[in-house]
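Novice: Compact mmCIF, C-alpha atoms, file final-v9.txt:
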# COMPACT_ATOMS: atom_id res chain seq x y z
CA MET A 750 0.92 -57.87 221.73
CA PRO A 751 0.30 -61.61 222.17
CA ARG A 752 -2.45 -63.36 220.22
CA ARG A 753 -5.72 -62.93 222.07
CA HIS A 754 -8.14 -65.56 223.28
CA LYS A 755 -11.57 -64.09 223.96
CA ILE A 756 -14.61 -65.71 225.50
CA THR A 757 -17.80 -64.22 226.88
CA VAL A 758 -19.38 -65.61 230.03
CA PRO A 759 -22.82 -64.84 231.44
CA ILE A 760 -22.92 -63.23 234.86
CA ASP A 761 -24.36 -65.23 237.75
CA THR A 762 -24.98 -64.35 241.37
CA CYS A 763 -22.37 -66.73 242.81
CA GLN A 764 -19.58 -64.80 241.09
CA PHE A 765 -20.19 -61.72 243.25
CA SER A 766 -20.15 -60.52 246.83
CA PRO A 767 -22.40 -57.56 247.74
CA THR A 768 -19.51 -55.24 246.82
CA GLN A 769 -17.78 -56.72 243.76
CA LEU A 770 -16.73 -59.57 241.50
CA GLN A 771 -15.16 -62.09 243.89
CA PRO A 772 -11.38 -62.36 243.47
CA ALA A 773 -11.61 -66.16 243.36
CA THR A 774 -14.04 -65.81 240.43
CA ALA A 775 -11.61 -63.48 238.66
CA LEU A 776 -8.83 -66.03 239.15
CA ARG A 777 -11.09 -68.78 237.87
CA PHE A 778 -11.74 -66.68 234.78
CA GLY A 779 -7.97 -66.38 234.55
CA MET A 780 -7.69 -70.17 234.52
CA MET A 781 -10.17 -70.26 231.65
CA GLY A 782 -8.01 -67.71 229.87
CA LEU A 783 -4.90 -69.75 230.62
CA ALA A 784 -6.43 -72.90 229.16
CA GLY A 785 -7.58 -70.97 226.10
CA THR A 786 -4.23 -69.28 225.48
CA ILE A 787 -2.26 -72.49 226.00
CA ARG A 788 -4.51 -74.08 223.39
CA ASN A 789 -4.28 -71.04 221.10
CA GLN A 790 -0.56 -70.39 221.32
CA LEU A 791 0.93 -73.79 222.27
CA VAL A 792 -1.12 -76.95 222.17
CA ASP A 793 -4.16 -78.43 223.93
CA TRP A 794 -3.38 -78.63 227.63
CA HIS A 795 -3.90 -82.40 227.82
CA LEU A 796 -1.48 -82.88 224.90
CA LEU A 797 0.99 -80.61 226.66
CA LYS A 798 0.92 -83.11 229.49
CA THR A 799 0.78 -86.36 227.56
CA GLU A 800 3.03 -85.61 224.57
CA PHE A 801 5.40 -83.01 226.02
CA ARG A 802 5.27 -84.14 229.68
CA THR A 803 5.00 -80.49 230.57
CA THR A 804 2.49 -78.35 232.36
CA VAL A 805 2.47 -75.08 234.27
CA VAL A 806 1.88 -74.18 237.91
CA ILE A 807 0.90 -70.72 239.11
CA ALA A 808 3.71 -68.83 240.83
CA GLY A 809 2.04 -65.47 241.34
CA VAL A 810 -1.07 -63.44 240.63
CA ALA A 811 -1.81 -59.72 240.55
CA LEU A 812 -5.44 -58.65 240.26
CA ASP A 813 -6.34 -54.97 239.91
CA TYR A 814 -9.93 -53.82 240.05
CA LEU A 815 -10.19 -50.86 237.72
CA ARG A 816 -13.73 -49.59 238.32
CA PRO A 817 -16.79 -50.38 240.44
CA PHE A 818 -18.44 -53.50 239.08
CA GLN A 819 -21.24 -55.43 240.74
CA PHE A 820 -23.76 -58.08 239.81
CA PHE A 821 -26.27 -55.52 238.55
CA SER A 822 -23.65 -53.74 236.42
CA ALA A 823 -23.79 -56.06 233.39
CA ALA A 824 -25.23 -59.27 231.97
CA GLU A 825 -21.94 -60.70 230.71
CA LEU A 826 -18.18 -60.36 230.89
CA GLU A 827 -15.54 -60.82 228.24
CA ILE A 828 -12.36 -62.66 229.26
CA ASP A 829 -9.62 -61.39 226.95
CA SER A 830 -6.31 -63.22 227.44
CA GLY A 831 -2.85 -63.53 225.94
CA LEU A 832 0.20 -65.56 226.95
CA VAL A 833 3.81 -64.34 226.94
CA ALA A 834 6.92 -66.53 227.31
CA ARG A 835 9.36 -64.78 229.62
CA ARG A 836 13.07 -65.30 230.22
CA GLY A 837 13.52 -67.97 227.60
CA GLY A 838 10.55 -70.02 228.74
CA LYS A 839 11.39 -70.05 232.45
CA PHE A 840 8.03 -68.39 233.00
CA LEU A 841 4.79 -68.06 231.05
CA GLU A 842 2.70 -65.04 231.96
CA LEU A 843 -0.99 -64.67 231.33
CA GLU A 844 -2.27 -61.16 230.68
CA CYS A 845 -6.00 -61.17 231.21
CA ARG A 846 -8.51 -58.35 230.90
CA LEU A 847 -12.06 -58.66 232.19
CA ARG A 848 -14.31 -56.41 230.19
CA ALA A 849 -17.98 -55.46 230.51
CA ALA A 850 -20.10 -53.27 228.25
CA GLU A 851 -18.84 -50.07 229.91
CA GLY A 852 -15.19 -51.06 229.58
CA GLU A 853 -12.43 -52.93 231.37
CA VAL A 854 -13.36 -53.76 234.96
CA ALA A 855 -10.34 -55.74 236.15
CA ARG A 856 -6.90 -56.74 234.97
CA LEU A 857 -5.21 -59.95 236.00
CA ALA A 858 -1.60 -61.06 235.55
CA MET A 859 -0.90 -64.70 236.29
CA LEU A 860 2.75 -65.75 236.36
CA THR A 861 3.21 -69.47 235.78
CA ARG A 862 6.25 -71.74 235.96
CA PRO A 863 6.60 -74.68 233.56
CA VAL A 864 7.18 -78.03 235.24
CA ARG A 865 8.34 -81.34 233.83
CA LEU A 866 6.18 -84.33 234.78
CA SER A 867 8.08 -87.38 236.04
CA GLY A 868 5.76 -89.66 234.07
CA SER A 869 4.33 -91.37 237.14
CA GLU A 870 0.64 -91.62 237.87
CA ALA A 871 1.02 -89.12 240.74
CA LEU A 872 1.79 -86.31 238.25
CA ASP A 873 4.80 -85.38 240.40
CA ALA A 874 6.97 -82.82 238.68
CA THR A 875 10.04 -80.61 238.81
CA PRO A 876 10.46 -77.01 237.60
CA THR A 877 11.87 -76.69 234.11
CA ASP A 878 12.24 -74.22 231.26
CA LEU A 879 9.87 -74.63 228.34
CA SER A 880 11.48 -76.89 225.73
CA GLU A 881 12.68 -75.33 222.48
CA PRO A 882 9.98 -77.01 220.32
CA LEU A 883 7.31 -75.49 222.54
CA LEU A 884 9.05 -72.14 222.83
CA ARG A 885 9.17 -71.89 219.03
CA ARG A 886 5.37 -71.89 218.93
CA PHE A 887 5.38 -68.40 220.43
CA GLN A 888 5.58 -65.51 217.98
CA THR A 889 8.36 -62.96 218.30
CA ASP A 890 6.10 -60.45 220.03
CA GLU A 891 5.01 -63.15 222.50
CA ARG A 892 8.55 -63.66 223.85
CA ASP A 893 10.21 -61.34 226.34
CA ASP A 894 13.56 -62.14 227.91
CA GLY A 895 13.53 -59.12 230.23
CA SER A 896 12.97 -59.32 233.95
CA ILE A 897 9.70 -60.63 235.26
CA VAL A 898 7.48 -58.32 237.28
CA ARG A 899 6.82 -59.36 240.87
CA PRO A 900 4.72 -56.63 242.47
CA LEU A 901 4.21 -58.38 245.82
CA PRO A 902 7.66 -58.10 247.49
CA ALA A 903 7.93 -54.31 247.12
CA ARG A 904 4.31 -53.82 248.13
CA LEU A 905 4.78 -56.05 251.19
CA GLU A 906 7.95 -54.21 252.20
CA GLY A 907 6.12 -50.89 251.89
CA PHE A 908 3.30 -51.95 254.20
CA VAL A 909 5.54 -53.62 256.77
CA SER A 910 8.22 -50.91 256.96
CA ARG A 911 6.13 -47.76 256.48
CA GLY A 912 2.64 -48.81 257.52
CA THR A 913 1.12 -49.14 260.99
CA LEU A 914 0.21 -52.59 262.24
CA VAL A 915 -3.40 -52.30 263.40
CA ALA A 916 -4.48 -55.91 263.98
CA GLU A 917 -3.37 -59.50 263.62
CA GLY A 918 -4.80 -62.97 264.00
CA SER A 919 -4.58 -66.52 262.80
CA THR A 920 -6.84 -69.36 261.84
CA SER A 921 -6.47 -72.80 260.31
CA PHE A 922 -8.12 -74.71 257.51
CA PHE A 923 -8.26 -78.17 255.98
CA VAL A 924 -7.51 -78.77 252.32
CA SER A 925 -10.39 -80.83 250.97
CA ARG A 926 -10.32 -82.71 247.71
CA SER A 927 -12.84 -80.19 246.41
CA ASP A 928 -10.14 -77.53 246.92
CA CYS A 929 -7.73 -79.44 244.68
CA GLU A 930 -7.05 -80.20 241.04
CA ILE A 931 -6.39 -83.52 239.35
CA ALA A 932 -3.18 -84.24 241.26
CA ASP A 933 -4.84 -83.65 244.66
CA GLN A 934 -2.78 -80.46 244.82
CA TRP A 935 -4.47 -77.24 245.93
CA GLN A 936 -6.08 -75.09 243.28
CA ASN A 937 -4.25 -71.79 243.43
CA VAL A 938 -7.49 -70.06 242.50
CA ARG A 939 -8.93 -71.12 245.88
CA LEU A 940 -6.41 -68.94 247.71
CA PRO A 941 -8.57 -65.78 247.75
CA ASP A 942 -11.32 -67.70 249.53
CA TRP A 943 -9.03 -68.91 252.32
CA LEU A 944 -7.54 -65.43 252.75
CA ALA A 945 -10.99 -63.86 252.78
CA SER A 946 -12.02 -66.27 255.49
CA GLY A 947 -9.09 -65.10 257.66
CA ARG A 948 -9.86 -61.44 256.98
CA GLU A 949 -13.58 -61.72 257.66
CA ARG A 950 -13.07 -63.72 260.85
CA LEU A 951 -10.58 -61.11 262.10
CA ILE A 952 -12.89 -58.18 261.29
CA LEU A 953 -15.95 -59.73 262.92
CA HIS A 954 -13.95 -60.80 265.97
CA GLN A 955 -12.22 -57.45 266.57
CA ALA A 956 -15.21 -55.17 265.93
CA ASP A 957 -12.84 -52.30 265.06
CA PRO A 958 -14.55 -49.71 262.80
CA LEU A 959 -11.31 -49.17 260.88
CA LEU A 960 -11.13 -52.83 259.90
CA THR A 961 -14.69 -52.97 258.62
CA VAL A 962 -13.60 -51.25 255.42
CA GLY A 963 -12.48 -54.80 254.53
CA LEU A 964 -16.15 -55.78 254.41
CA ARG A 965 -17.88 -52.54 253.46
CA GLU A 966 -15.75 -51.55 250.50
CA PRO A 967 -14.68 -53.47 247.41
CA MET A 968 -11.12 -54.76 247.30
CA THR A 969 -8.92 -52.66 245.02
CA ARG A 970 -6.02 -55.05 244.55
CA PHE A 971 -5.17 -58.68 245.26
CA LEU A 972 -1.58 -59.93 245.11
CA ALA A 973 -0.28 -63.41 245.83
CA GLU A 974 2.85 -65.50 245.45
CA PHE A 975 2.92 -69.25 245.79
CA ARG A 976 6.01 -70.81 247.35
CA ARG A 977 5.02 -74.42 247.91
CA PRO A 978 1.82 -76.28 247.12
CA MET A 979 -0.44 -77.83 249.70
CA PHE A 980 -2.28 -81.06 249.05
CA PHE A 981 -5.49 -82.87 249.86
CA GLY A 982 -5.56 -83.71 253.57
CA ASP A 983 -3.08 -81.01 254.63
CA GLU A 984 -3.80 -78.60 257.46
CA GLY A 985 -3.06 -74.98 256.61
CA VAL A 986 -2.31 -72.23 259.10
CA LEU A 987 -3.25 -68.72 257.99
CA ARG A 988 -1.62 -65.77 259.76
CA THR A 989 -3.08 -62.35 258.99
CA ARG A 990 -1.62 -58.94 259.82
CA VAL A 991 -3.44 -55.71 258.96
CA TYR A 992 -1.50 -52.57 258.07
CA GLN A 993 -2.69 -49.03 257.49
CA HIS A 994 -0.49 -47.10 255.12
CA ARG A 995 -1.65 -43.75 253.79
CA ALA A 996 -5.17 -44.30 252.43
CA ILE A 997 -4.86 -48.09 252.15
CA LEU A 998 -5.81 -50.83 254.55
CA ALA A 999 -3.83 -53.95 253.64
CA PHE A 1000 -4.54 -57.44 254.91
CA VAL A 1001 -1.25 -59.32 254.65
CA HIS A 1002 -1.58 -63.09 254.86
CA GLU A 1003 0.89 -65.96 255.14
CA ILE A 1004 -0.07 -69.61 254.79
CA THR A 1005 2.11 -72.32 256.27
CA CYS A 1006 1.49 -76.05 256.17
CA ALA A 1007 1.25 -77.91 259.48
CA LEU A 1008 3.25 -80.97 258.44
CA PRO A 1009 3.14 -83.87 260.90
CA SER A 1010 6.31 -84.08 263.06
CA VAL A 1011 7.68 -80.79 261.67
CA ALA A 1012 8.12 -78.13 264.37
CA GLU A 1013 5.95 -75.01 264.11
CA ALA A 1014 8.96 -72.77 263.48
CA ARG A 1015 10.00 -74.92 260.53
CA ARG A 1016 6.64 -75.17 258.82
CA PRO A 1017 7.09 -74.45 255.13
CA LEU A 1018 5.70 -71.18 253.83
CA CYS A 1019 3.19 -72.02 251.11
CA ALA A 1020 1.76 -68.69 250.01
CA ILE A 1021 1.74 -64.98 250.73
CA GLY A 1022 -1.21 -62.78 249.81
CA ILE A 1023 -2.16 -59.14 250.15
CA GLU A 1024 -5.72 -57.78 249.96
CA GLU A 1025 -5.91 -53.99 249.63
CA PHE A 1026 -8.86 -51.75 250.42
CA ALA A 1027 -9.10 -47.99 249.95
CA LEU A 1028 -9.81 -45.94 253.07
CA LYS A 1029 -12.23 -43.11 252.47
CA ASN A 1030 -12.04 -39.79 254.33
CA MET B 177 8.41 -96.75 263.35
CA LYS B 178 5.74 -94.58 261.80
CA VAL B 179 5.54 -93.49 258.16
CA VAL B 180 3.25 -90.56 257.40
CA PHE B 181 2.01 -89.82 253.87
CA SER B 182 0.76 -86.55 252.53
CA GLY B 183 -1.05 -85.23 249.51
CA THR B 184 -0.91 -86.85 246.14
CA LEU B 185 0.65 -90.03 247.56
CA LEU B 186 -2.37 -90.83 249.71
CA ARG B 187 -4.31 -92.48 246.90
CA PHE B 188 -1.45 -94.94 246.37
CA VAL B 189 -1.55 -96.10 250.02
CA ASN B 190 -5.31 -96.62 250.25
CA TYR B 191 -5.66 -93.22 251.97
CA LYS B 192 -3.80 -94.38 255.08
CA LYS B 193 -2.11 -91.28 256.42
CA GLU B 194 -0.01 -93.28 258.86
CA VAL B 195 1.60 -96.70 258.50
CA GLU B 196 3.40 -98.55 261.30
CA LEU B 197 6.27 -100.84 260.36
CA GLU B 198 9.60 -102.17 261.62
CA ALA B 199 12.69 -101.38 259.60
CA ALA B 200 16.37 -101.16 260.49
CA ASN B 201 17.15 -98.60 257.81
CA LEU B 202 15.56 -96.42 255.12
CA HIS B 203 16.19 -98.98 252.37
CA GLU B 204 14.24 -101.62 254.31
CA CYS B 205 11.50 -99.13 255.09
CA ILE B 206 11.00 -98.22 251.44
CA GLY B 207 11.10 -101.89 250.44
CA GLN B 208 8.38 -102.74 252.94
CA LEU B 209 6.22 -99.88 251.76
CA GLY B 210 6.58 -101.07 248.16
CA ALA B 211 5.58 -104.59 249.18
CA GLN B 212 2.61 -103.41 251.24
CA PHE B 213 1.41 -100.92 248.60
CA PRO B 214 2.45 -102.18 245.12
CA SER B 215 0.93 -99.17 243.32
CA LEU B 216 3.13 -96.86 245.42
CA ARG B 217 6.38 -98.39 244.16
CA PRO B 218 6.41 -96.89 240.61
CA VAL B 219 5.21 -93.56 241.95
CA LEU B 220 7.77 -93.27 244.75
CA LEU B 221 10.77 -94.90 243.10
CA ASN B 222 12.66 -94.25 239.90
CA GLY B 223 13.99 -96.94 237.56
CA ASP B 224 17.10 -97.42 239.73
CA GLY B 225 15.06 -98.11 242.84
CA GLY B 226 15.87 -94.75 244.41
CA VAL B 227 13.33 -92.23 245.66
CA ARG B 228 12.31 -89.89 242.83
CA ASN B 229 13.62 -86.36 243.29
CA THR B 230 10.05 -85.09 243.05
CA HIS B 231 9.35 -86.39 246.56
CA GLN B 232 10.68 -85.14 249.88
CA LEU B 233 11.36 -87.12 253.03
CA PHE B 234 11.40 -85.68 256.55
CA LEU B 235 12.81 -87.84 259.35
CA ASN B 236 11.62 -86.66 262.77
CA GLY B 237 10.89 -83.25 261.30
CA GLU B 238 14.24 -82.79 259.53
CA GLN B 239 14.38 -82.92 255.75
CA VAL B 240 16.38 -85.91 254.52
CA ASP B 241 19.10 -84.91 252.08
CA SER B 242 19.02 -86.52 248.62
CA ALA B 243 22.54 -87.90 249.30
CA VAL B 244 21.04 -89.86 252.19
CA THR B 245 18.13 -91.23 250.18
CA SER B 246 20.53 -92.39 247.45
CA ASN B 247 22.37 -94.47 250.08
CA ALA B 248 19.25 -95.48 251.98
CA ALA B 249 20.73 -98.61 253.59
CA ALA B 250 23.15 -96.43 255.55
CA CYS B 251 20.31 -94.37 257.04
CA HIS B 252 19.56 -96.26 260.25
CA LEU B 253 16.12 -96.09 261.78
CA LYS B 254 14.70 -96.82 265.22
CA GLY B 255 11.26 -97.68 266.50
CA SER B 256 10.46 -94.18 267.71
CA ASP B 257 11.22 -92.55 264.34
CA THR B 258 8.63 -90.78 262.21
CA LEU B 259 9.23 -90.56 258.47
CA LEU B 260 7.10 -88.12 256.48
CA ILE B 261 6.90 -88.66 252.72
CA LEU B 262 5.38 -85.99 250.52
CA THR B 263 5.40 -84.75 246.97
CA ALA B 264 7.18 -81.43 246.58
CA ILE B 265 5.23 -80.31 243.55
CA ALA B 266 2.72 -81.85 241.17
CA GLY B 267 1.80 -80.84 237.69
CA GLY B 268 -1.93 -81.03 237.96
Would you write the structure of this file as structure tokens?

Specialist:
Amino acid sequence: MPRRHKITVPIDTCQFSPTQLQPATALRFGMMGLAGTIRNQLVDWHLLKTEFRTTVVIAGVALDYLRPFQFFSAAELEIDSGLVARRGGKFLELECRLRAAEGEVARLAMLTRPVRLSGSEALDATPTDLSEPLLRRFQTDERDDGSIVRPLPARLEGFVSRGTLVAEGSTSFFVSRSDCEIADQWQNVRLPDWLASGRERLILHQADPLLTVGLREPMTRFLAEFRRPMFFGDEGVLRTRVYQHRAILAFVHEITCALPSVAEARRPLCAIGIEEFALKN
Amino acid sequence: MKVVFSGTLLRFVNYKKEVELEAANLHECIGQLGAQFPSLRPVLLNGDGGVRNTHQLFLNGEQVDSAVTSNAAACHLKGSDTLLILTAIAGG
């Protein structure tokens, strides 16, 4: 069990939709947990950058909602986080539990990849393994050299190969500086908002009663993998396909970047996300 | 020819997404960009004057191999070319 970093945050109305804690809010809480655990278990994040020329970027997230939880459910939430070094420091994984008075309401796993900063003002970087001096700061029970867990590929394969495609659509968006972090690179925690925009637009446009579960019911699971970052000023293209598989309606999203002069077929894939909703009989 | 910038590099070229210039080859092109935007030079180039491996170049939509960027003078350019320069990943 990794050392825990716990903070309590007051609930506010902007953190919720009518049905649940917004996934983007949960991911933002995860970022707070990540900053806290990096500080707790490694070193202050700014020193990680300036002294060790290292930082982390998010490679994947898995958010599971464990019970109904709305704005009126509680006055505060506890963010309980721990960080594990996986595969010799090739990955750092945040385990984050969001807890209210009645118990755990959501669980978030955030897989991050260490990167080595070039040292230039642009904060450009290349993937790296965590250096030995940093890796040594993890306790024995905070290091795991086994395989990493990537729930998205198997889940995606299940929906595509065994589910029924019920709708699809696409939309585009602009990456504003307010969507980005200090290197003008997209904030990964903004992804749920872009995906939600594609889902909601599709549902309202198609007026299919089956699809409206994606607005009426709370999301049960959110999965995402990040393949390539987008940056301030980029144009993103979001393609959404909706699958029904057993009692789940899954909105499967792909984001590509519309790079100038690069043909549509060769646009780089930037992120894949899945939003799952439970169908009720 | 046209040079297009993306993302984190924009602030080092005064937020000009597109720059028109005349260059016979990639080496000349990069040299002109460095002269026109002095703050871009240390960001784009490493200590040997080559393009840092943290950036990617696309010439007319095709990614330029790092072997080509390391021998930039041999990469000939023409007026109708479009060169896209972007940062592959940043550690923000």

Novice: Contacts of Ser256 in chain B at 9 Å or less, counting only C-alpha atoms, minus same-chain residues fewer than 3 places along, as a PyMOL selection string?

Specialist: chain B and resi 177-178+253

Novice: Report, in Å to a single decimal, how far apart CA of Val833 in chain A and CA of Ala903 in chain A are.

Specialist: 22.9 Å

Novice: Residues within 6 Å of Phe840 in chain A, please, as a list in words. Count only C-alpha atoms; anything in the same chain fewer than 4 positions from it doesn't count.

Specialist: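 In the requested form, the answer reads Arg835, Thr861 and Arg862 of chain A.
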
Novice: Return the neighbours of chain A among the residues of chain B, cut-off 6 Å, counting only C-alpha atoms, as a PyMOL selection string.

Specialist: chain B and resi 183-184+219+230+236-237+265-268

Novice: Can you tell me, as a PyMOL selection string, what residues are no more than 12 Å from Phe820 in chain A when counting only C-alpha atoms, ignoring any on the same chain fewer than 4 positions away?

Specialist: chain A and resi 759-771+824-826+849

Novice: Would you save the residues from that selection as a CSV table (one decimal), in the coordinates of the input, using C-alpha atoms?

Specialist:
chain,number,residue,atom,x,y,z
A,759,PRO,CA,-22.8,-64.8,231.4
A,760,ILE,CA,-22.9,-63.2,234.9
A,761,ASP,CA,-24.4,-65.2,237.8
A,762,THR,CA,-25.0,-64.4,241.4
A,763,CYS,CA,-22.4,-66.7,242.8
A,764,GLN,CA,-19.6,-64.8,241.1
A,765,PHE,CA,-20.2,-61.7,243.2
A,766,SER,CA,-20.2,-60.5,246.8
A,767,PRO,CA,-22.4,-57.6,247.7
A,768,THR,CA,-19.5,-55.2,246.8
A,769,GLN,CA,-17.8,-56.7,243.8
A,770,LEU,CA,-16.7,-59.6,241.5
A,771,GLN,CA,-15.2,-62.1,243.9
A,824,ALA,CA,-25.2,-59.3,232.0
A,825,GLU,CA,-21.9,-60.7,230.7
A,826,LEU,CA,-18.2,-60.4,230.9
A,849,ALA,CA,-18.0,-55.5,230.5

Novice: Which residue is closest to Ser919 in chain A? Choose from A:Thr799, A:Thr1005, A:Thr961, A:Ser822 and count only C-alpha atoms.

Specialist: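 The answer is A:Thr1005, which sits nearest to Ser919 in chain A.
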
Novice: Mind checking which residues fall within 9 Å of Lys254 in chain B, counting all atoms listed in the file, ignoring those fewer than 5 positions away in the same chain, and posting them as an MDAnalysis selection string?

Specialist: chainID B and resid 177 198:201

Novice: Applying 7 Å and only C-alpha atoms, which residues near Ala264 in chain B remain after dropping the ones on its own chain fewer than 2 positions away? List them as a list in words.

Specialist: Thr230, His231, Gln232 and Leu262 of chain B

Novice: Pick the closest to Met750 in chain A from A:Gly947, A:Gly831, A:Gly852, A:Pro967: which is it, counting only C-alpha atoms?

Specialist: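 Answer, going by the shortest atom-to-atom distance: A:Gly831.
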
Novice: Taking all atoms of range 214-231 of chain B that the file lists and extending 5 Å past them on each side, where is the centre of the axis-aligned box and how long are its edges? Answer in Å to one decimal, as JSON.

Specialist:
{"center_x": 9.0, "center_y": -93.6, "center_z": 242.1, "size_x": 26.2, "size_y": 27.1, "size_z": 19.0}

Novice: Please indicate the distance in Å from CA of Ile1021 in chain A to CA of Glu1003 in chain A, rounded to one decimal place.

Specialist: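 Result for CA of Ile1021 in chain A versus CA of Glu1003 in chain A: 4.6 Å, one decimal.
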
Novice: Rank nothing, just name the residue among A:Leu905, A:Arg753, A:Arg856, A:Thr913 nearest to Gly779 in chain A, using only C-alpha atoms.

Specialist: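 When distances to Gly779 in chain A are compared using only C-alpha atoms, the smallest one comes from A:Arg856.
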
Novice: Taking all atoms listed in the file into account, which of B:Phe188, B:His252, B:Glu194, B:Val244 comes nearest Pro214 in chain B?

Specialist: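 Distance minimum relative to Pro214 in chain B lands on B:Phe188.
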
Novice: Could you state the separation of CA of Gln888 in chain A and CA of Arg846 in chain A in Å, given to one decimal place?

Specialist: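 CA of Arg846 in chain A lies 20.4 Å from CA of Gln888 in chain A.
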
Novice: Considering all atoms listed in the file, can you say which of B:Leu220, B:Gln239, B:Lys193, B:Gly226 comes closest to Thr263 in chain B?

Specialist: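 Checking each candidate against Thr263 in chain B, we get B:Leu220 as the closest.
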